Amino acid sequence: MADSNLETAPPEATQQSPLTAETVPLATSSPPESAFSEETEPPLASFALASEKEAPPPSEPPLTVEERLKEAVTVIEKDTPLSPTLGAELVSVTSTEKETIPAPPVSQPLAAALEVPQESESPVGKEVVEPEKSKSMEKKKAPESLVSFKEESNKLSDLSYFERKALEEFKTLVQEALNTGVFTLASPSDTSNLPEEVSIWGVPLLKDDRSDVILLKFLRARDFKVKESFTMLKNTIKWRKEINIDELIKEDLGDDLEKVVFMHGQDKDGHLVCYNVYGEFQNKELYAKTFGDDEKRKKFLKWRIQFLERGIRNLDFTPGGINTIFQISDLKNSPGPGKRELRIATKQALQVLQDNYPEFVTKQVFINVPWWYLAFYTMMSPFLTQRTKSKFVFASPSRTPETLFKYISPEHVPIQYGGLSIDFCECNPEFTVDDPATEITVKPATKQTVEIIVNEKCIIVWELRVVGWEVSYSSEYVPNAEGGYTVIIEKARKMAATDEPVVSNSFKISELGKILLTVDNPTAKKKKLLYRFKVFPYDN
């Protein structure tokens, strides 16, 4: 984009930024006109009429210092080509590469997710995929295409007639089971404790509207077939009693796996996000300790159930509440399907979770997916329902950050996955997950500049990253006053993929001007730029 075509930040970007995108004058409004009418009426009548018609509106509370500083800042984003010649070369190279990589069929979503990106990953003039390799990739059969899952409402008013009828029939069966002791396996002659009270995930059945949400999970897992749903519920309650779930939650099973499975942040809809990092099992000692024999695999399964149960207790089972979890499985450096012990443990866990935890996953995203996972997925697919598989999303290593950003804001994505969120770190305490970031796509062979125009004296703090770097980055301060000196805050430097993932800095603005954050992308690939900033007052 040429310099003359300056554009303000798009609405979504400005909404994400903690600062507004327009400069608001700080001048105070003029006092209201006199409230008394000039008409010749009795004084009391005149005063009453004027007070009723022309009374000034209630004054708004004064802005805080932080709010005033926010309104004194404007953000402008612009991009310009680095070199017309280079840009033309990159365009021609990219179109050549597009011809060498066959477009994946629509019916193969996993293969499409794992295909080599269209942007060049290699030096100019070198083919990305050799013909022999392409042919071998084409022979791999990907899963059938499934309609992307969309989470349904749990409000009774949103259910169809068929769904409401199924729910009422289900509740009738549950009530009969409570009255006859079916869930506690009481003998027909023992009626002293009937009707019994049964709770599941901390929710007593048929006591309030949270019970409807629980029952809907079982109905949806069995396509609203009432008898099958009731059988599933009965088996789940029996299984929970057999493993003594309430005691299992309290049990101390150690912290060896806290880096393997953990909760971190929320998605854009407010779901808790659970990460499963299988690459941690490359540690041979941890692998043997977790899967070495049957007893160790049983302990791992208990730990996995305990972790899930504790997370579920934090969900909201009221109608309209968030009662599902966003799952992410990181397959980077994950042991392959040749690991017999892992394969057995995975199969056991899948069976237990699918049979006893219906509809607790809103989306299952697999990231850093290697090609061998096609074979593993094909092997595990028969054990999964079509509804479960419709929740799956796959992303190759190069597409992992952009895939996550579709569902999770960058400030909630851990730094190791391309985001800005850092656990247990005081490297930049000014920012938290409550401070939204702005996301920009930097085009190939383009300079991207973020201008932060400040019209108040303040201290400005920012952090910025380009996922994967391979760009040049600099920052400077340009005063408004003619003849003022530009201050180089950070000299232009090349940022490699191995450099620190996030840079942060601050600047004290004593005279009005603007901060320029500049990223030069000389590569043939699009880059994802993330930034956010805050302003603070300072004493003269």
# chains A, B, ... in the order shown; residues from 1 in each chain; ligands from 1
$ select_by_dssp --residues "segment 150-348 of chain A" --states "alpha helix (DSSP H)" --output "ChimeraX atom specification"
/A:161-180,209-221,226-242,245-250,284-291,294-312,340-348
$ atom_distance --atom1 "atom CA of Lys514 of chain A" --atom2 "atom CA of Glu411 of chain A"
24.3 Å
$ residues_around --residues "Val198 of chain A" --least-positions-apart "2" --cutoff "12 Å" --atoms "only C-alpha atoms" --output "short mmCIF file (atom, residue, chain, number, x, y, z; two decimals) with all heavy atoms, in the first residue's frame"
data_model
loop_
_atom_site.label_atom_id
_atom_site.label_comp_id
_atom_site.auth_asym_id
_atom_site.auth_seq_id
_atom_site.Cartn_x
_atom_site.Cartn_y
_atom_site.Cartn_z
N VAL A 174 -35.66 -40.96 34.73
CA VAL A 174 -34.74 -40.68 35.83
C VAL A 174 -35.49 -40.63 37.15
O VAL A 174 -35.02 -41.16 38.17
CB VAL A 174 -33.97 -39.36 35.57
CG1 VAL A 174 -33.15 -38.95 36.79
CG2 VAL A 174 -33.06 -39.48 34.35
N GLN A 175 -36.66 -39.99 37.16
CA GLN A 175 -37.44 -39.91 38.39
C GLN A 175 -37.87 -41.30 38.86
O GLN A 175 -37.81 -41.61 40.06
CB GLN A 175 -38.67 -39.03 38.17
CG GLN A 175 -39.48 -38.76 39.44
CD GLN A 175 -38.67 -38.01 40.49
OE1 GLN A 175 -38.32 -36.85 40.29
NE2 GLN A 175 -38.35 -38.66 41.60
N ALA A 177 -36.27 -44.03 38.30
CA ALA A 177 -35.06 -44.69 38.80
C ALA A 177 -34.71 -44.20 40.20
O ALA A 177 -34.28 -44.99 41.07
CB ALA A 177 -33.90 -44.43 37.84
N LEU A 178 -34.88 -42.92 40.46
CA LEU A 178 -34.64 -42.37 41.80
C LEU A 178 -35.63 -42.95 42.80
O LEU A 178 -35.28 -43.23 43.96
CB LEU A 178 -34.72 -40.85 41.77
CG LEU A 178 -33.65 -40.10 40.97
CD1 LEU A 178 -33.96 -38.62 40.90
CD2 LEU A 178 -32.27 -40.30 41.60
N ASN A 179 -36.88 -43.13 42.38
CA ASN A 179 -37.92 -43.64 43.29
C ASN A 179 -37.73 -45.11 43.62
O ASN A 179 -38.15 -45.57 44.69
CB ASN A 179 -39.31 -43.45 42.66
CG ASN A 179 -39.69 -41.98 42.57
OD1 ASN A 179 -39.15 -41.14 43.29
ND2 ASN A 179 -40.62 -41.67 41.68
N GLY A 181 -34.63 -46.77 43.43
CA GLY A 181 -33.27 -47.10 43.84
C GLY A 181 -32.42 -47.74 42.78
O GLY A 181 -31.46 -48.45 43.09
N VAL A 182 -32.74 -47.50 41.51
CA VAL A 182 -31.98 -48.11 40.42
C VAL A 182 -30.52 -47.65 40.43
O VAL A 182 -29.60 -48.45 40.21
CB VAL A 182 -32.63 -47.77 39.06
CG1 VAL A 182 -31.71 -48.17 37.90
CG2 VAL A 182 -33.98 -48.45 38.94
N PHE A 183 -30.30 -46.37 40.71
CA PHE A 183 -28.93 -45.84 40.64
C PHE A 183 -28.04 -46.31 41.78
O PHE A 183 -26.83 -46.35 41.64
CB PHE A 183 -28.96 -44.31 40.61
CG PHE A 183 -29.59 -43.74 39.36
CD1 PHE A 183 -30.51 -42.71 39.43
CD2 PHE A 183 -29.26 -44.26 38.12
CE1 PHE A 183 -31.08 -42.19 38.28
CE2 PHE A 183 -29.83 -43.74 36.97
CZ PHE A 183 -30.74 -42.71 37.04
N THR A 184 -28.65 -46.66 42.93
CA THR A 184 -27.85 -47.14 44.06
C THR A 184 -27.93 -48.64 44.21
O THR A 184 -27.40 -49.20 45.17
CB THR A 184 -28.32 -46.48 45.37
OG1 THR A 184 -29.73 -46.72 45.51
CG2 THR A 184 -28.04 -45.01 45.37
N ASN A 193 -34.58 -45.34 52.20
CA ASN A 193 -33.88 -44.14 51.72
C ASN A 193 -34.39 -43.67 50.36
O ASN A 193 -33.69 -42.97 49.64
CB ASN A 193 -32.37 -44.41 51.63
CG ASN A 193 -31.74 -44.67 52.97
OD1 ASN A 193 -32.11 -44.03 53.96
ND2 ASN A 193 -30.81 -45.61 53.03
N LEU A 194 -35.61 -44.08 50.02
CA LEU A 194 -36.17 -43.68 48.72
C LEU A 194 -37.17 -42.55 48.89
O LEU A 194 -37.88 -42.50 49.90
CB LEU A 194 -36.82 -44.90 48.06
CG LEU A 194 -35.89 -46.08 47.77
CD1 LEU A 194 -36.67 -47.23 47.16
CD2 LEU A 194 -34.75 -45.67 46.86
N PRO A 195 -37.29 -41.64 47.93
CA PRO A 195 -36.44 -41.61 46.73
C PRO A 195 -35.02 -41.16 47.05
O PRO A 195 -34.82 -40.31 47.93
CB PRO A 195 -37.15 -40.60 45.82
CG PRO A 195 -37.85 -39.69 46.76
CD PRO A 195 -38.28 -40.55 47.92
N GLU A 196 -34.08 -41.74 46.38
CA GLU A 196 -32.67 -41.42 46.63
C GLU A 196 -32.28 -40.09 45.97
O GLU A 196 -32.97 -39.61 45.07
CB GLU A 196 -31.78 -42.53 46.08
CG GLU A 196 -31.90 -42.71 44.56
CD GLU A 196 -31.00 -43.81 44.04
OE1 GLU A 196 -29.98 -44.08 44.70
OE2 GLU A 196 -31.31 -44.39 43.00
N ILE A 200 -24.25 -35.67 40.11
CA ILE A 200 -23.20 -35.95 39.13
C ILE A 200 -22.55 -34.62 38.75
O ILE A 200 -23.23 -33.66 38.43
CB ILE A 200 -23.80 -36.68 37.90
CG1 ILE A 200 -22.69 -37.07 36.92
CG2 ILE A 200 -24.89 -35.88 37.22
CD1 ILE A 200 -23.15 -38.04 35.84
N TRP A 201 -21.22 -34.58 38.87
CA TRP A 201 -20.44 -33.35 38.68
C TRP A 201 -20.93 -32.22 39.58
O TRP A 201 -20.96 -31.05 39.19
CB TRP A 201 -20.46 -32.92 37.21
CG TRP A 201 -19.91 -33.99 36.32
CD1 TRP A 201 -18.68 -34.58 36.41
CD2 TRP A 201 -20.60 -34.64 35.25
NE1 TRP A 201 -18.56 -35.56 35.46
CE2 TRP A 201 -19.71 -35.62 34.72
CE3 TRP A 201 -21.85 -34.50 34.68
CZ2 TRP A 201 -20.05 -36.44 33.67
CZ3 TRP A 201 -22.19 -35.31 33.61
CH2 TRP A 201 -21.30 -36.26 33.12
N GLY A 202 -21.33 -32.60 40.79
CA GLY A 202 -21.77 -31.61 41.77
C GLY A 202 -23.18 -31.12 41.57
O GLY A 202 -23.62 -30.21 42.28
N VAL A 203 -23.92 -31.69 40.63
CA VAL A 203 -25.29 -31.26 40.33
C VAL A 203 -26.27 -32.38 40.72
O VAL A 203 -26.22 -33.46 40.13
CB VAL A 203 -25.47 -30.91 38.84
CG1 VAL A 203 -26.91 -30.52 38.54
CG2 VAL A 203 -24.51 -29.80 38.44
N PRO A 204 -27.16 -32.16 41.69
CA PRO A 204 -28.14 -33.18 42.04
C PRO A 204 -29.18 -33.33 40.93
O PRO A 204 -29.69 -32.34 40.40
CB PRO A 204 -28.77 -32.66 43.34
CG PRO A 204 -28.52 -31.19 43.32
CD PRO A 204 -27.25 -30.97 42.56
N LEU A 205 -29.48 -34.56 40.56
CA LEU A 205 -30.42 -34.80 39.46
C LEU A 205 -31.83 -34.39 39.85
O LEU A 205 -32.32 -34.70 40.95
CB LEU A 205 -30.39 -36.27 39.06
CG LEU A 205 -29.09 -36.78 38.42
CD1 LEU A 205 -29.20 -38.26 38.09
CD2 LEU A 205 -28.74 -35.97 37.18
N LEU A 206 -32.50 -33.68 38.92
CA LEU A 206 -33.91 -33.27 39.01
C LEU A 206 -34.20 -32.33 40.17
O LEU A 206 -35.35 -32.20 40.59
CB LEU A 206 -34.82 -34.51 39.11
CG LEU A 206 -34.70 -35.54 37.97
CD1 LEU A 206 -35.76 -36.62 38.13
CD2 LEU A 206 -34.82 -34.87 36.61
N LYS A 207 -33.18 -31.63 40.67
CA LYS A 207 -33.41 -30.67 41.75
C LYS A 207 -33.60 -29.25 41.23
O LYS A 207 -34.30 -28.45 41.84
CB LYS A 207 -32.24 -30.70 42.74
CG LYS A 207 -32.15 -31.99 43.55
CD LYS A 207 -33.34 -32.16 44.47
CE LYS A 207 -33.20 -33.41 45.33
NZ LYS A 207 -34.35 -33.62 46.22
N SER A 211 -29.89 -29.60 36.26
CA SER A 211 -30.06 -31.01 35.93
C SER A 211 -30.45 -31.19 34.47
O SER A 211 -30.02 -32.14 33.81
CB SER A 211 -31.11 -31.64 36.85
OG SER A 211 -31.36 -32.98 36.49
N LEU A 233 -26.49 -42.89 31.10
CA LEU A 233 -26.48 -42.21 32.40
C LEU A 233 -26.35 -43.22 33.53
O LEU A 233 -25.56 -43.02 34.47
CB LEU A 233 -27.76 -41.38 32.56
CG LEU A 233 -27.97 -40.73 33.93
CD1 LEU A 233 -26.89 -39.71 34.23
CD2 LEU A 233 -29.36 -40.08 34.01
N LYS A 234 -27.12 -44.29 33.46
CA LYS A 234 -27.07 -45.31 34.51
C LYS A 234 -25.68 -45.93 34.61
O LYS A 234 -25.15 -46.11 35.71
CB LYS A 234 -28.12 -46.39 34.21
CG LYS A 234 -28.23 -47.46 35.29
CD LYS A 234 -29.41 -48.39 35.03
CE LYS A 234 -29.22 -49.20 33.77
NZ LYS A 234 -30.29 -50.22 33.59
N THR A 236 -22.86 -44.55 33.67
CA THR A 236 -21.92 -43.54 34.15
C THR A 236 -22.00 -43.40 35.66
O THR A 236 -20.96 -43.33 36.36
CB THR A 236 -22.22 -42.18 33.49
OG1 THR A 236 -21.97 -42.27 32.09
CG2 THR A 236 -21.34 -41.08 34.07
N ILE A 237 -23.20 -43.37 36.21
CA ILE A 237 -23.36 -43.26 37.66
C ILE A 237 -22.77 -44.49 38.35
O ILE A 237 -22.09 -44.39 39.38
CB ILE A 237 -24.85 -43.09 38.02
CG1 ILE A 237 -25.35 -41.73 37.52
CG2 ILE A 237 -25.07 -43.22 39.53
CD1 ILE A 237 -26.84 -41.52 37.68
N LYS A 238 -23.00 -45.66 37.76
CA LYS A 238 -22.44 -46.89 38.32
C LYS A 238 -20.92 -46.84 38.29
O LYS A 238 -20.25 -47.19 39.27
CB LYS A 238 -22.95 -48.09 37.50
CG LYS A 238 -22.39 -49.42 37.97
CD LYS A 238 -22.87 -50.56 37.06
CE LYS A 238 -22.24 -51.88 37.49
NZ LYS A 238 -22.64 -52.99 36.59
N ARG A 240 -18.97 -44.22 38.26
CA ARG A 240 -18.47 -43.22 39.21
C ARG A 240 -18.48 -43.77 40.63
O ARG A 240 -17.60 -43.45 41.42
CB ARG A 240 -19.32 -41.95 39.10
CG ARG A 240 -19.18 -41.22 37.78
CD ARG A 240 -20.16 -40.08 37.64
NE ARG A 240 -19.83 -38.99 38.54
CZ ARG A 240 -18.93 -38.04 38.29
NH1 ARG A 240 -18.25 -38.07 37.14
NH2 ARG A 240 -18.71 -37.08 39.15
N LYS A 241 -19.47 -44.58 40.94
CA LYS A 241 -19.51 -45.19 42.27
C LYS A 241 -18.40 -46.23 42.42
O LYS A 241 -17.77 -46.35 43.47
CB LYS A 241 -20.88 -45.83 42.52
CG LYS A 241 -22.01 -44.83 42.69
CD LYS A 241 -23.33 -45.54 42.94
CE LYS A 241 -24.47 -44.54 43.10
NZ LYS A 241 -24.31 -43.71 44.31
#
$ closest_residue --among "A:Lys78, A:Lys171, A:Arg313, A:Arg343" --to "Thr441 of chain A" --atoms "only C-alpha atoms"
A:Lys78
$ residues_around --residues "Gln354 of chain A" --least-positions-apart "6" --cutoff "10 Å" --atoms "only C-alpha atoms" --output "ChimeraX atom specification"
/A:221,360,383-385,388
$ write_last_selection --atoms "N, CA, C and O atoms" --output "tab-separated table (two decimals), in the first residue's frame"
chain	number	residue	atom	x	y	z
A	221	ALA	N	-25.40	-36.98	23.20
A	221	ALA	CA	-24.40	-38.00	22.93
A	221	ALA	C	-25.02	-39.24	22.29
A	221	ALA	O	-24.31	-40.02	21.65
A	360	PHE	N	-18.54	-32.70	26.71
A	360	PHE	CA	-17.77	-31.75	27.51
A	360	PHE	C	-16.70	-31.04	26.68
A	360	PHE	O	-16.00	-30.18	27.20
A	383	PHE	N	-13.26	-45.88	17.08
A	383	PHE	CA	-13.67	-45.77	18.48
A	383	PHE	C	-14.33	-44.43	18.79
A	383	PHE	O	-14.73	-44.17	19.92
A	384	LEU	N	-14.45	-43.56	17.79
A	384	LEU	CA	-15.01	-42.23	17.99
A	384	LEU	C	-16.35	-42.11	17.26
A	384	LEU	O	-16.52	-42.65	16.16
A	385	THR	N	-17.28	-41.38	17.86
A	385	THR	CA	-18.56	-41.15	17.20
A	385	THR	C	-18.41	-40.08	16.13
A	385	THR	O	-17.46	-39.29	16.14
A	388	THR	N	-18.34	-36.69	17.67
A	388	THR	CA	-17.04	-36.35	18.25
A	388	THR	C	-16.06	-35.91	17.17
A	388	THR	O	-15.37	-34.89	17.31
$ select_by_dssp --residues "segment 268-502 of chain A" --states "strand (DSSP E or B)" --output "ChimeraX atom specification"
/A:272-277,325-330,361-367,392-394,414,421,438-442,446-454,458-466,471-479,487-495
$ closest_atom_pairs --of "segment 357-421 of chain A" --to "segment 454-477 of chain A" --cutoff "12 Å" --atoms "only C-alpha atoms" --output "JSON lines"
{"residue": "A:Pro397", "atom": "CA", "partner": "A:Gly468", "partner_atom": "CA", "distance": 11.2}
{"residue": "A:Ser398", "atom": "CA", "partner": "A:Gly468", "partner_atom": "CA", "distance": 9.3}
{"residue": "A:Arg399", "atom": "CA", "partner": "A:Val467", "partner_atom": "CA", "distance": 10.8}
{"residue": "A:Thr400", "atom": "CA", "partner": "A:Val467", "partner_atom": "CA", "distance": 10.4}
{"residue": "A:Pro401", "atom": "CA", "partner": "A:Val467", "partner_atom": "CA", "distance": 7.7}
{"residue": "A:Glu402", "atom": "CA", "partner": "A:Val467", "partner_atom": "CA", "distance": 9.4}
{"residue": "A:Phe405", "atom": "CA", "partner": "A:Val467", "partner_atom": "CA", "distance": 11.6}
{"residue": "A:Pro410", "atom": "CA", "partner": "A:Arg465", "partner_atom": "CA", "distance": 10.6}
{"residue": "A:Glu411", "atom": "CA", "partner": "A:Glu463", "partner_atom": "CA", "distance": 11.1}
{"residue": "A:Ile415", "atom": "CA", "partner": "A:Val467", "partner_atom": "CA", "distance": 9.8}
{"residue": "A:Gln416", "atom": "CA", "partner": "A:Val467", "partner_atom": "CA", "distance": 10.1}
{"residue": "A:Tyr417", "atom": "CA", "partner": "A:Val467", "partner_atom": "CA", "distance": 9.0}
{"residue": "A:Gly418", "atom": "CA", "partner": "A:Val467", "partner_atom": "CA", "distance": 5.7}
{"residue": "A:Gly419", "atom": "CA", "partner": "A:Val467", "partner_atom": "CA", "distance": 8.2}
{"residue": "A:Leu420", "atom": "CA", "partner": "A:Arg465", "partner_atom": "CA", "distance": 8.1}
{"residue": "A:Ser421", "atom": "CA", "partner": "A:Glu463", "partner_atom": "CA", "distance": 11.4}
$ write_last_selection --atoms "C-alpha atoms" --output "compact mmCIF listing (two decimals), in the first residue's frame"
# COMPACT_ATOMS: atom_id res chain seq x y z
CA PRO A 397 3.31 -26.78 12.52
CA SER A 398 3.38 -23.81 10.11
CA ARG A 399 -0.36 -23.20 10.57
CA THR A 400 -0.57 -23.70 14.33
CA PRO A 401 -0.56 -20.02 15.45
CA GLU A 402 -3.06 -18.79 12.85
CA PHE A 405 -5.93 -17.28 16.75
CA PRO A 410 -3.43 -13.81 21.20
CA GLU A 411 -3.27 -12.54 24.78
CA ILE A 415 3.92 -17.76 24.23
CA GLN A 416 5.25 -21.13 23.02
CA TYR A 417 2.32 -21.36 20.60
CA GLY A 418 2.72 -17.89 19.09
CA GLY A 419 0.71 -15.84 21.61
CA LEU A 420 1.58 -13.30 24.30
CA SER A 421 0.54 -15.13 27.47
$ closest_atom_pairs --of "segment 213-278 of chain A" --to "segment 302-312 of chain A" --cutoff "7 Å" --atoms "only C-alpha atoms" --output "JSON lines"
{"residue": "A:Leu248", "atom": "CA", "partner": "A:Gln306", "partner_atom": "CA", "distance": 6.4}
{"residue": "A:Ile249", "atom": "CA", "partner": "A:Gln306", "partner_atom": "CA", "distance": 5.3}
{"residue": "A:Leu253", "atom": "CA", "partner": "A:Trp303", "partner_atom": "CA", "distance": 6.4}
$ write_last_selection --atoms "all heavy atoms" --output "tab-separated table (two decimals), in the first residue's frame"
chain	number	residue	atom	x	y	z
A	248	LEU	N	-11.49	-39.88	44.70
A	248	LEU	CA	-10.43	-39.75	43.70
A	248	LEU	C	-10.05	-38.28	43.49
A	248	LEU	O	-8.88	-37.95	43.32
A	248	LEU	CB	-10.90	-40.36	42.38
A	248	LEU	CG	-9.97	-40.19	41.17
A	248	LEU	CD1	-8.61	-40.80	41.44
A	248	LEU	CD2	-10.59	-40.80	39.92
A	249	ILE	N	-11.02	-37.39	43.54
A	249	ILE	CA	-10.75	-35.96	43.36
A	249	ILE	C	-9.79	-35.44	44.43
A	249	ILE	O	-8.94	-34.59	44.17
A	249	ILE	CB	-12.07	-35.15	43.37
A	249	ILE	CG1	-12.91	-35.50	42.14
A	249	ILE	CG2	-11.79	-33.65	43.40
A	249	ILE	CD1	-14.25	-34.83	42.11
A	253	LEU	N	-2.03	-37.52	43.57
A	253	LEU	CA	-1.43	-38.38	42.55
A	253	LEU	C	-0.13	-37.81	42.00
A	253	LEU	O	0.37	-38.25	40.97
A	253	LEU	CB	-2.43	-38.61	41.41
A	253	LEU	CG	-3.72	-39.34	41.80
A	253	LEU	CD1	-4.68	-39.40	40.61
A	253	LEU	CD2	-3.42	-40.73	42.32
$ closest_residue --among "A:Lys227, A:Arg220, A:Lys155, A:Lys508" --to "Pro319 of chain A" --atoms "only C-alpha atoms"
A:Lys155
$ decode --residues "segment 390-434 of chain A" --atoms "C-alpha atoms" --output "mmCIF file, in the first residue's frame"
data_model
loop_
_atom_site.group_PDB
_atom_site.id
_atom_site.type_symbol
_atom_site.label_atom_id
_atom_site.label_comp_id
_atom_site.auth_asym_id
_atom_site.auth_seq_id
_atom_site.Cartn_x
_atom_site.Cartn_y
_atom_site.Cartn_z
ATOM 1 C CA SER A 390 -17.050 -33.317 13.753
ATOM 2 C CA LYS A 391 -15.409 -31.266 16.521
ATOM 3 C CA PHE A 392 -11.879 -31.964 15.252
ATOM 4 C CA VAL A 393 -9.599 -29.328 13.712
ATOM 5 C CA PHE A 394 -6.092 -30.156 12.434
ATOM 6 C CA ALA A 395 -3.146 -27.789 11.955
ATOM 7 C CA SER A 396 0.369 -28.458 10.700
ATOM 8 C CA PRO A 397 3.314 -26.777 12.516
ATOM 9 C CA SER A 398 3.376 -23.808 10.113
ATOM 10 C CA ARG A 399 -0.362 -23.203 10.567
ATOM 11 C CA THR A 400 -0.575 -23.697 14.333
ATOM 12 C CA PRO A 401 -0.558 -20.019 15.446
ATOM 13 C CA GLU A 402 -3.057 -18.793 12.846
ATOM 14 C CA THR A 403 -5.355 -21.741 13.620
ATOM 15 C CA LEU A 404 -5.282 -20.995 17.350
ATOM 16 C CA PHE A 405 -5.926 -17.280 16.747
ATOM 17 C CA LYS A 406 -9.169 -18.168 14.970
ATOM 18 C CA TYR A 407 -10.550 -19.409 18.268
ATOM 19 C CA ILE A 408 -8.384 -17.826 20.987
ATOM 20 C CA SER A 409 -7.259 -14.203 21.316
ATOM 21 C CA PRO A 410 -3.434 -13.814 21.205
ATOM 22 C CA GLU A 411 -3.274 -12.541 24.782
ATOM 23 C CA HIS A 412 -4.700 -15.894 25.949
ATOM 24 C CA VAL A 413 -2.444 -18.085 23.774
ATOM 25 C CA PRO A 414 0.742 -19.287 25.535
ATOM 26 C CA ILE A 415 3.922 -17.762 24.232
ATOM 27 C CA GLN A 416 5.248 -21.131 23.017
ATOM 28 C CA TYR A 417 2.317 -21.356 20.596
ATOM 29 C CA GLY A 418 2.721 -17.894 19.095
ATOM 30 C CA GLY A 419 0.711 -15.838 21.605
ATOM 31 C CA LEU A 420 1.575 -13.305 24.303
ATOM 32 C CA SER A 421 0.540 -15.132 27.469
ATOM 33 C CA ILE A 422 3.292 -16.123 29.882
ATOM 34 C CA ASP A 423 2.703 -18.069 33.079
ATOM 35 C CA PHE A 424 4.730 -17.404 36.229
ATOM 36 C CA CYS A 425 6.755 -14.599 34.683
ATOM 37 C CA GLU A 426 7.374 -11.051 35.854
ATOM 38 C CA CYS A 427 9.251 -10.054 32.691
ATOM 39 C CA ASN A 428 6.490 -7.584 31.773
ATOM 40 C CA PRO A 429 4.061 -7.297 34.686
ATOM 41 C CA GLU A 430 2.189 -4.382 33.067
ATOM 42 C CA PHE A 431 0.310 -6.791 30.780
ATOM 43 C CA THR A 432 -2.118 -9.570 31.632
ATOM 44 C CA VAL A 433 -4.680 -11.638 29.705
ATOM 45 C CA ASP A 434 -7.105 -8.783 30.375
#
